[in-house]
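A quick write-up on the structure given underneath.
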Amino acid sequence: MNNSTITAWALRPAEPEDVEAMAELRATVMRPDLERLGRYDEHRVRQRLRDVYAPEHTSVVVADGEFAGCVTLRPVEDGLWLENFYLSPTLQGRGIGTAVLRSLLARADEEGVAVRLDVLQGSAARALYERHGFTEERQDPIDVFMVRAPAR
């Protein structure tokens with residue numbers, strides 16, 4: 001893939017067999033932040049995704065016809081929980097993550113529900129979420145918990 005902005009992306013429903021590609025992507029994407037926090041564990045970083053994988057609430061990001069990422073939007077008592085949102089590092093910074101996030105937030109707005117997520121302390125992803133209306137609810141030494149009310 002070239003370095004220009006990619007406009008050919010889509011979401012498709014995840015399948016049970018997508019879990020290993022997603023676990024590998026999670027390990028790649030999260031490694032720098034987890035190492036910075038002294039929390040990187042080669043096995044646990046993959047196993048945590050496997051343990052919570054819910055294909056019925058997960059979409060695979062496809063860019064130029066190839067696996068490019070994943071995202072889960074899981075129903076919870078007070079809205080939706082956004083998790084496991086990972087995009088291949090070679091595709092980051094091209095607007096795909098923003099476009100995917102916008103499409104998910106539009107769905108939440110249609111349903112009139114809040115979206116919550118957590119992001120690692122110091123993660124560059126926090127700025128993306130803040131640009132889309134997420135605000136900090138609370139934090140601990142590892143995570144920042146954020147919420148976005150539905151657009152009216």
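Residues in the structure tokens are numbered from 1 in each chain, the chains being A, B, ... in the order shown, and ligands are numbered from 1 in the order shown.
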**Contact residues around Gly79 (chain A) with only C-alpha atoms at 12 Å, ignoring same-chain residues under 5 positions, as a PyMOL selection string** = chain A and resi 73-74+105+107-117+147-150
Q. Can you list every residue in region 7-109 of chain A that DSSP puts in helix (DSSP H, G or I), as JSON, numbers by chain?
A. {"A": [16, 17, 18, 19, 20, 21, 22, 23, 24, 25, 26, 27, 28, 29, 30, 31, 32, 33, 34, 35, 36, 44, 45, 46, 47, 48, 49, 50, 51, 52, 55, 56, 57, 89, 90, 91, 96, 97, 98, 99, 100, 101, 102, 103, 104, 105, 106, 107, 108, 109]}
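Checking A:Tyr86, A:Tyr129, A:Tyr40, A:Phe134 one by one against Ser59 (chain A), counting only C-alpha atoms, you find the shortest gap at A:Tyr86.
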#### Entry: DSSP strand (DSSP E or B) residues within chain A, as a ChimeraX atom specification
/A:9-13,58-63,66-76,79-87,115-120,135-139,143-148
Using only C-alpha atoms, the shortest atom-to-atom distance to Ala99 (chain A) among A:Val119, A:Ile142, A:Leu11, A:Val52 belongs to A:Leu11
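The shortest atom-to-atom distance to Glu35 (chain A), with only C-alpha atoms taken into account, belongs to A:Leu120 out of A:Ala127, A:Val76, A:Leu104, A:Leu120.
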For region 66-108 of chain A against region 14-24 of chain A, with a cut-off of 12 Å and counting only C-alpha atoms, what is the closest atom pair and its distance in Å to one decimal for every residue that makes the cut, ordered by chain and number, as a Markdown table?
```
| residue | atom | partner | partner_atom | distance |
| --- | --- | --- | --- | --- |
| A:Glu66 | CA | A:Ala21 | CA | 11.7 |
| A:Phe67 | CA | A:Ala21 | CA | 8.4 |
| A:Ala68 | CA | A:Met22 | CA | 9.5 |
| A:Gly69 | CA | A:Met22 | CA | 7.2 |
| A:Cys70 | CA | A:Met22 | CA | 6.7 |
| A:Val71 | CA | A:Ala14 | CA | 9.2 |
| A:Thr72 | CA | A:Ala14 | CA | 9.3 |
| A:Leu73 | CA | A:Ala14 | CA | 11.7 |
| A:Asn84 | CA | A:Met22 | CA | 8.5 |
| A:Phe85 | CA | A:Met22 | CA | 9.7 |
| A:Tyr86 | CA | A:Met22 | CA | 8.1 |
| A:Leu87 | CA | A:Met22 | CA | 9.6 |
| A:Ser88 | CA | A:Met22 | CA | 10.0 |
```
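Among the candidates A:Leu80, A:Gln121, A:Thr98, A:Asp140, the residue lying nearest to Leu37 (chain A) is A:Gln121 (atoms considered: only C-alpha atoms).
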- Task: For Phe145 (chain A), list every protein, DNA or RNA residue within 6 Å, evaluated using only C-alpha atoms, and leave out those in the same chain fewer than 5 positions away; present the list as an NGL selection string.
- Result: :A and (117-118 or 136-139)
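The nearest approach to Gly122 (chain A) among the residues A:Ile96, A:Val29, A:Ala54, A:Leu34, with only C-alpha atoms taken into account, belongs to A:Leu34.
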Taking 2 positions as the minimum chain separation for residues in the same chain, which residues sit within 9 Å of Arg12 (chain A) when counting only C-alpha atoms? Answer as number ranges by chain. A: 10, 14, 58-62
Restricting the output to C-alpha atoms, write the selected residues as a compact mmCIF listing (two decimals), in the first residue's frame.
```
# COMPACT_ATOMS: atom_id res chain seq x y z
CA ALA A 10 -15.15 -0.66 4.82
CA ALA A 14 -16.08 -10.09 12.37
CA THR A 58 -17.01 -6.56 16.41
CA SER A 59 -16.22 -5.23 12.96
CA VAL A 60 -13.12 -5.76 10.87
CA VAL A 61 -11.70 -2.71 9.11
CA VAL A 62 -10.84 -3.56 5.52
```
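Here CA of Thr135 (chain A) stands at a distance of 29.0 Å from CA of Ala63 (chain A).
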